[in-house]
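Source file: entry25.cif (mmCIF, C-alpha atoms)
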```cif
data_upload
#
loop_
_atom_site.label_atom_id
_atom_site.label_comp_id
_atom_site.auth_asym_id
_atom_site.auth_seq_id
_atom_site.Cartn_x
_atom_site.Cartn_y
_atom_site.Cartn_z
CA MET Y 136 99.00 92.23 69.45
CA ILE Y 137 96.21 89.82 68.42
CA ALA Y 138 98.60 86.93 68.90
CA PHE Y 139 99.69 88.28 72.27
CA TRP Y 140 96.16 88.75 73.61
CA THR Y 141 95.08 85.34 72.30
CA LEU Y 142 97.98 83.55 73.97
CA LEU Y 143 97.49 85.55 77.17
CA TYR Y 144 93.78 84.69 77.20
CA LYS Y 145 94.60 80.99 76.77
CA GLU Y 146 97.01 81.10 79.71
CA LEU Y 147 94.60 83.00 81.95
CA LEU Y 148 91.75 80.65 81.11
CA ARG Y 149 93.96 77.64 81.81
CA PHE Y 150 94.37 78.46 85.50
CA TRP Y 151 91.06 80.28 86.01
CA LYS Y 152 88.99 77.22 85.04
CA VAL Y 153 90.53 75.37 88.01
CA ALA Y 154 90.62 78.39 90.35
CA PHE Y 155 89.74 76.25 93.37
CA GLN Y 156 93.09 74.51 92.93
CA THR Y 157 95.20 77.37 91.57
CA ILE Y 158 93.85 80.29 93.64
CA ALA Y 159 91.90 79.05 96.66
CA ALA Y 160 94.27 76.27 97.74
CA PRO Y 161 97.38 78.51 98.05
CA VAL Y 162 95.33 81.08 99.99
CA LEU Y 163 94.26 78.37 102.44
CA THR Y 164 97.87 77.21 102.82
CA ALA Y 165 99.03 80.73 103.69
CA LEU Y 166 96.16 81.12 106.17
CA LEU Y 167 97.22 77.92 107.94
CA TYR Y 168 100.81 79.21 108.17
CA LEU Y 169 99.53 82.42 109.72
CA VAL Y 170 97.23 80.75 112.24
CA ILE Y 171 99.86 78.26 113.41
CA PHE Y 172 102.94 80.49 113.54
CA GLY Y 173 101.02 83.56 114.68
CA HIS Y 174 99.30 81.70 117.52
CA VAL Y 175 102.57 80.21 118.79
CA LEU Y 176 104.88 83.24 118.47
CA GLU Y 177 102.68 86.35 118.62
CA ASP Y 178 103.22 86.91 122.36
CA HIS Y 179 106.93 86.08 122.27
CA VAL Y 180 108.43 87.71 119.18
CA ARG Y 181 108.61 91.24 117.80
CA VAL Y 182 110.67 92.10 114.71
CA HIS Y 183 111.79 95.72 114.14
CA GLY Y 184 109.21 96.65 116.77
CA VAL Y 185 106.42 95.02 114.72
CA PRO Y 186 104.17 92.31 116.25
CA TYR Y 187 105.04 88.92 114.79
CA THR Y 188 101.70 88.26 113.09
CA SER Y 189 101.86 91.63 111.35
CA PHE Y 190 105.47 90.95 110.33
CA LEU Y 191 104.52 87.54 108.95
CA ILE Y 192 101.65 88.57 106.65
CA PRO Y 193 103.66 90.46 103.95
CA GLY Y 194 106.14 87.58 103.81
CA LEU Y 195 103.36 85.05 103.28
CA VAL Y 196 101.75 87.22 100.61
CA MET Y 197 104.99 87.58 98.66
CA MET Y 198 105.88 83.91 99.06
CA GLN Y 199 102.58 82.91 97.46
CA VAL Y 200 103.00 85.46 94.67
CA LEU Y 201 106.39 83.99 93.76
CA GLN Y 202 105.53 80.32 94.10
CA ASN Y 203 102.33 80.60 92.08
CA ALA Y 204 103.91 82.69 89.34
CA PHE Y 205 106.56 79.98 88.97
CA ALA Y 206 103.98 77.18 89.07
CA ASN Y 207 101.83 78.77 86.36
CA SER Y 208 104.41 79.18 83.60
CA SER Y 209 106.35 76.00 84.40
CA SER Y 210 103.30 73.71 84.56
CA SER Y 211 101.84 75.23 81.40
CA LEU Y 212 104.96 74.57 79.36
CA ILE Y 213 105.63 71.05 80.62
CA GLN Y 214 101.98 70.09 80.16
CA ALA Y 215 102.02 71.44 76.60
CA LYS Y 216 105.25 69.55 75.84
CA ILE Y 217 103.98 66.24 77.21
CA THR Y 218 100.58 66.43 75.48
CA GLY Y 219 102.09 67.75 72.23
CA SER Y 220 99.89 70.85 72.20
CA ILE Y 221 103.01 73.04 72.26
CA VAL Y 222 103.10 72.63 68.48
CA PHE Y 223 100.05 74.90 68.14
CA VAL Y 224 101.99 77.69 69.80
CA LEU Y 225 105.24 77.07 67.93
CA LEU Y 226 103.85 76.71 64.40
CA PRO Y 227 102.36 80.22 64.02
CA PRO Y 228 104.95 82.91 63.19
CA LEU Y 229 104.90 84.41 66.68
CA PRO Y 230 107.83 86.57 67.77
CA TYR Y 231 109.69 85.06 70.71
CA SER Y 232 109.01 88.22 72.67
CA VAL Y 233 105.24 87.66 72.33
CA PHE Y 234 105.56 84.07 73.54
CA PHE Y 235 107.64 85.23 76.50
CA ALA Y 236 105.50 88.25 77.39
CA ALA Y 237 102.19 86.35 77.35
CA TYR Y 238 103.44 83.53 79.56
CA VAL Y 239 105.19 85.83 82.03
CA LEU Y 240 102.26 88.23 82.28
CA ALA Y 241 99.80 85.36 82.87
CA ALA Y 242 102.09 83.94 85.55
CA THR Y 243 102.41 87.35 87.20
CA LEU Y 244 98.64 87.86 87.21
CA ARG Y 245 98.05 84.48 88.83
CA GLY Y 246 100.64 85.31 91.48
CA LEU Y 247 99.02 88.68 92.14
CA MET Y 248 95.56 87.11 92.40
CA VAL Y 249 96.77 84.62 94.98
CA GLY Y 250 98.69 87.35 96.83
CA ALA Y 251 95.61 89.58 96.93
CA GLY Y 252 93.55 86.65 98.21
CA VAL Y 253 96.06 85.93 100.97
CA LEU Y 254 96.08 89.60 101.97
CA LEU Y 255 92.28 89.76 102.07
CA VAL Y 256 91.87 86.72 104.31
CA THR Y 257 94.77 87.52 106.65
CA VAL Y 258 94.34 91.26 107.11
CA TRP Y 259 91.43 90.58 109.46
CA PHE Y 260 93.85 89.16 112.02
CA VAL Y 261 95.86 92.38 112.48
CA ASP Y 262 95.78 96.11 111.92
CA LEU Y 263 98.14 96.13 108.92
CA ARG Y 264 99.34 99.58 107.87
CA VAL Y 265 100.74 100.60 104.49
CA GLU Y 266 103.68 103.02 104.54
CA ALA Y 267 104.88 102.96 100.91
CA PRO Y 268 102.43 101.44 98.39
CA PHE Y 269 104.84 102.06 95.49
CA TRP Y 270 107.33 99.55 96.88
CA ILE Y 271 104.58 96.99 97.48
CA LEU Y 272 103.43 97.20 93.87
CA ALA Y 273 106.94 97.33 92.43
CA PHE Y 274 108.19 94.24 94.23
CA ALA Y 275 104.98 92.28 93.65
CA LEU Y 276 105.07 92.95 89.89
CA LEU Y 277 108.79 92.49 89.37
CA GLY Y 278 109.02 89.47 91.70
CA GLY Y 279 106.08 87.78 89.99
CA ALA Y 280 107.58 88.49 86.56
CA LEU Y 281 110.97 87.10 87.63
CA PHE Y 282 109.49 83.86 88.88
CA GLY Y 283 107.27 83.65 85.80
CA ALA Y 284 110.46 83.80 83.71
CA VAL Y 285 112.19 81.24 85.94
CA GLY Y 286 109.12 79.04 85.57
CA MET Y 287 109.47 79.23 81.79
CA LEU Y 288 113.11 78.25 82.12
CA ALA Y 289 112.14 75.23 84.21
CA GLY Y 290 109.32 74.30 81.82
CA ILE Y 291 111.68 74.41 78.85
CA TRP Y 292 114.41 72.43 80.61
CA VAL Y 293 112.43 69.60 82.25
CA GLU Y 294 110.89 66.74 80.29
CA LYS Y 295 108.74 65.07 82.97
CA PHE Y 296 106.58 66.19 85.85
CA ASP Y 297 108.84 64.53 88.41
CA GLN Y 298 111.76 66.63 87.14
CA LEU Y 299 109.63 69.74 87.60
CA ALA Y 300 108.73 68.61 91.13
CA ALA Y 301 112.44 68.20 91.89
CA PHE Y 302 113.08 71.73 90.56
CA GLN Y 303 110.38 73.08 92.87
CA ASN Y 304 111.36 71.05 95.94
CA PHE Y 305 115.13 71.52 95.75
CA LEU Y 306 115.37 75.07 94.40
CA ILE Y 307 112.19 77.14 94.55
CA MET Y 308 110.97 75.95 97.95
CA PRO Y 309 114.32 76.40 99.77
CA LEU Y 310 114.85 79.83 98.20
CA THR Y 311 111.44 81.06 99.37
CA MET Y 312 111.38 79.40 102.79
CA LEU Y 313 114.92 80.60 103.64
CA SER Y 314 114.41 84.17 102.47
CA GLY Y 315 113.11 85.83 105.63
CA VAL Y 316 109.43 85.03 105.25
CA PHE Y 317 109.23 83.86 108.86
CA TYR Y 318 112.13 85.80 110.40
CA SER Y 319 114.50 88.74 110.03
CA ILE Y 320 117.95 87.73 108.79
CA TYR Y 321 119.45 89.75 111.66
CA THR Y 322 118.28 87.00 114.01
CA LEU Y 323 120.63 84.58 112.19
CA PRO Y 324 124.29 83.84 113.00
CA THR Y 325 126.76 85.97 111.06
CA PHE Y 326 127.62 83.25 108.53
CA TRP Y 327 124.02 82.49 107.58
CA ARG Y 328 123.18 86.18 107.51
CA GLY Y 329 125.85 86.60 104.84
CA VAL Y 330 124.58 83.59 102.91
CA SER Y 331 121.07 85.08 102.90
CA HIS Y 332 122.34 88.07 100.90
CA TYR Y 333 123.05 85.70 97.98
CA ASN Y 334 119.40 84.64 97.88
CA PRO Y 335 117.50 86.91 95.45
CA VAL Y 336 114.18 86.02 97.08
CA PHE Y 337 115.38 87.66 100.30
CA TYR Y 338 115.47 91.03 98.52
CA MET Y 339 111.93 90.57 97.20
CA ILE Y 340 110.53 89.68 100.61
CA ASP Y 341 112.47 92.43 102.39
CA GLY Y 342 111.54 95.14 99.88
CA PHE Y 343 107.89 94.08 99.81
CA ARG Y 344 107.73 94.15 103.61
CA TYR Y 345 109.26 97.65 103.61
CA GLY Y 346 106.18 98.90 101.77
CA PHE Y 347 104.04 97.98 104.76
CA PHE Y 348 106.19 98.94 107.74
CA GLY Y 349 108.79 101.37 106.41
CA VAL Y 350 111.63 99.27 107.88
CA SER Y 351 113.81 96.70 106.18
CA ASP Y 352 117.10 94.83 106.50
CA VAL Y 353 118.35 96.27 103.18
CA PRO Y 354 117.49 99.63 101.52
CA PRO Y 355 114.51 98.99 99.19
CA ALA Y 356 116.18 100.66 96.20
CA GLN Y 357 119.10 98.24 96.50
CA SER Y 358 116.70 95.31 96.75
CA LEU Y 359 114.76 96.45 93.68
CA ALA Y 360 117.99 96.78 91.72
CA VAL Y 361 118.97 93.19 92.59
CA VAL Y 362 115.55 91.89 91.52
CA ALA Y 363 115.66 93.91 88.28
CA VAL Y 364 119.09 92.51 87.38
CA CYS Y 365 117.91 88.95 88.08
CA PHE Y 366 114.81 89.47 85.93
CA THR Y 367 116.89 90.88 83.08
CA LEU Y 368 119.28 87.92 83.14
CA ALA Y 369 116.45 85.38 83.33
CA SER Y 370 114.62 87.09 80.47
CA ILE Y 371 117.68 87.11 78.21
CA LEU Y 372 118.27 83.41 78.89
CA VAL Y 373 114.67 82.39 78.25
CA LEU Y 374 114.41 84.45 75.04
CA GLN Y 375 117.61 82.85 73.76
CA LEU Y 376 116.28 79.37 74.52
CA LEU Y 377 113.01 80.18 72.75
CA LYS Y 378 114.94 81.43 69.74
CA ASP Y 379 117.10 78.28 69.63
CA GLY Y 380 114.08 76.02 70.15
CA TRP Y 381 116.02 74.04 72.76
CA LYS Y 382 113.86 71.12 73.96
CA LEU Y 383 110.88 72.73 72.22
CA ARG Y 384 111.45 72.44 68.49
CA ASN Y 385 114.44 70.10 68.71
#
```
Using C-alpha cells, write down the structure from this file.
Amino acid sequence: MIAFWTLLYKELLRFWKVAFQTIAAPVLTALLYLVIFGHVLEDHVRVHGVPYTSFLIPGLVMMQVLQNAFANSSSSLIQAKITGSIVFVLLPPLPYSVFFAAYVLAATLRGLMVGAGVLLVTVWFVDLRVEAPFWILAFALLGGALFGAVGMLAGIWVEKFDQLAAFQNFLIMPLTMLSGVFYSIYTLPTFWRGVSHYNPVFYMIDGFRYGFFGVSDVPPAQSLAVVAVCFTLASILVLQLLKDGWKLRN
C-alpha cells in the first residue's frame, strides 16, 4: 500500500502542478463548445423533449472526463519512457497490479476533476436536473477508468510523442466526437445508427446523460455492462503487457 500511495501521489502531483494546462484549459474548451453550439441551436433543436443546451452539457462533461483520463496516463508513460525515468518505477519490486491501479486511479481523478469543473461553469447556463445520481457516478468512474487503462495501453505501445498524437487524433477523438455528445443517434440514418452501437463511447455518453434526464437511447444497465466488459478486457491486456515488460523493460 505504501508503494501504491507513493506512485499515486507522484501521478497526482504531476498533473496538479500544471493545473492551468491540465484542468483549466479543458474546462475552457468545453465552455466554448457550449456557448457556440448552444447559441446556434438552442431555439431550433430539442432532443427527447430536452432543450438542446441542457442536452449538450452532460455530453461535454463526459467527453472531457474520457479525454483527460486518457491524456493523463498516456502522457505520463510516454514522458517517462523518453526521459528514462520509467526505470525508477520498474526497478522496485512493485506488483503489476499496483502499477496499473495507481496510474488508472490518477487518470480517473484527473478526468473527474475536469468533468466537475465543466459542470460547475456550464450549469449556470441552464436549469440542469438530476434524475439518477447513481448512473452519473457509475459511468463517470467506470468511463474514466476505462480510458485511463486505454491511455496506459497507448503509452506502452507508442515510442514518440507524434505517435501518441496520431493515436489521439485518429482513434480517441473520432470515438468521442462521434458518440452522441452533440446529437442523439436516432437523428442519424439507419446505417450510421447501427455503426454507433459499435462505439463503446456512445454507451458511456448515453448512460451518463440518462442520470440527468432519465431518458436514453439504450437502457443504462445495458450500457454499463458494455463499458464494464471493455474495461475488463483493457485491464487484462495492460496487465499482461506490464508483466511481459513489452516496450518497457525490453
Y:Val258 surroundings by only C-alpha atoms, 12 Å radius, close-in-sequence under 4 positions cut, as a PyMOL selection string
chain Y and resi 166+169+188-193+195-196+250-254+262-265
What do you get, as a VMD selection string, if you spell out every residue that the PyMOL selection byres ((chain Y and resi 380) around 12) selects here?
chain Y and resid 221 to 222 225 to 226 231 291 to 292 373 to 379 381 to 385
Those same residues - C-alpha atoms - I'd like them written as a tab-separated table (two decimals), keeping the file's coordinate frame.
```
chain	number	residue	atom	x	y	z
Y	221	ILE	CA	103.01	73.04	72.26
Y	222	VAL	CA	103.10	72.63	68.48
Y	225	LEU	CA	105.24	77.07	67.93
Y	226	LEU	CA	103.85	76.71	64.40
Y	231	TYR	CA	109.69	85.06	70.71
Y	291	ILE	CA	111.68	74.41	78.85
Y	292	TRP	CA	114.41	72.43	80.61
Y	373	VAL	CA	114.67	82.39	78.25
Y	374	LEU	CA	114.41	84.45	75.04
Y	375	GLN	CA	117.61	82.85	73.76
Y	376	LEU	CA	116.28	79.37	74.52
Y	377	LEU	CA	113.01	80.18	72.75
Y	378	LYS	CA	114.94	81.43	69.74
Y	379	ASP	CA	117.10	78.28	69.63
Y	381	TRP	CA	116.02	74.04	72.76
Y	382	LYS	CA	113.86	71.12	73.96
Y	383	LEU	CA	110.88	72.73	72.22
Y	384	ARG	CA	111.45	72.44	68.49
Y	385	ASN	CA	114.44	70.10	68.71
```
Top pick for closest residue to Y:Pro335, considering Y:Gly194, Y:Gly349, Y:Gly278, Y:Gly290 and counting all atoms listed in the file:
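So, comparing all the options, the nearest one is Y:Gly278.
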Interatomic distance (Å, one decimal) between atom CA of Y:Leu201 and atom CA of Y:Pro324
26.3 Å
Report the distance between atom CA of Y:Thr157 and atom CA of Y:Leu288 in Å, rounded to one decimal place.
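These two atoms are separated by 20.3 Å.
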Find the residues around Y:Leu359 up to 10 Å (only C-alpha atoms counted), leave out those fewer than 5 positions away in its own chain, and share them as a list in words.
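Those residues are Trp270, Ala273, Phe274, Leu277, Gly278, Tyr338, Met339, Asp341, Gly342, Phe343, Pro354, Val364 and Cys365 of chain Y.
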The residues within 7 Å of (106.3, 86.0, 87.3), using only C-alpha atoms and the coordinates of the file, should be reported as a list in words; which are they?
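The residues near that point, listed by chain and number, are Leu201, Ala204, Phe205, Val239, Leu240, Ala242, Thr243, Gly278, Gly279, Ala280, Leu281, Phe282, Gly283 and Ala284 of chain Y.
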Which residues match the PyMOL selection byres ((chain Y and resi 238) around 8) in the file above, as a list in words?
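Listing what the PyMOL selection byres ((chain Y and resi 238) around 8) selects in the shown file: Leu142, Leu143, Glu146, Ser208, Phe234, Phe235, Ala236, Ala237, Val239, Leu240, Ala241, Ala242, Gly283 and Met287 of chain Y.
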Would you pick out the contacts of Y:His332 at 12 Å or less, using all atoms listed in the file, so that residues sharing its chain but fewer than 4 positions from it are not included, and give the list as a PyMOL selection string?
chain Y and resi 310+313-315+320-321+323+325-328+336-341+352-353+357-358+361
So how many Å separate atom CA of Y:Gly184 and atom CA of Y:Thr322, to one decimal?
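Going from atom CA of Y:Gly184 over to atom CA of Y:Thr322, I get 13.5 Å.
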Using the chain letters and numbers from the file, which residues does the PyMOL selection byres ((chain Y and resi 209) around 6) grab, as a list in words?
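On this input, the PyMOL selection byres ((chain Y and resi 209) around 6) captures Ala206, Asn207, Ser208, Ser210, Ser211, Leu212, Gly286, Met287, Ala289 and Gly290 of chain Y.
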Hey, which of Y:Tyr318, Y:Glu294, Y:Met197, Y:Ala138 ends up closest to Y:Gly219? Count all atoms listed in the file.
Y:Glu294
Is it possible to get the axis-aligned box enclosing stretch 367-381 of chain Y (all listed atoms, 3 Å extra per side) as AutoDock Vina command-line options, with centre and edge lengths in Å rounded to one decimal?
```
--center_x 116.1 --center_y 82.5 --center_z 76.5 --size_x 12.3 --size_y 22.8 --size_z 19.7
```
I need the residue nearest Y:Tyr168 from this list: Y:Val330, Y:Ala267, Y:Ala215, Y:Met312. Use all atoms listed in the file for the distance.
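Looking at the shortest contact to Y:Tyr168, the residue is Y:Met312.
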From the options Y:Tyr345, Y:Tyr333, Y:Tyr187, Y:Phe139, which residue's atoms come nearest to Y:Phe269, counting all atoms listed in the file?
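Among Y:Tyr345, Y:Tyr333, Y:Tyr187, Y:Phe139, it is Y:Tyr345 that comes nearest to Y:Phe269.
Nearest-residue note for Y:Met248: choosing from Y:Thr164, Y:Gln199, Y:Ile217, Y:Tyr144, the minimum distance belongs to Y:Gln199, counting all atoms listed in the file.
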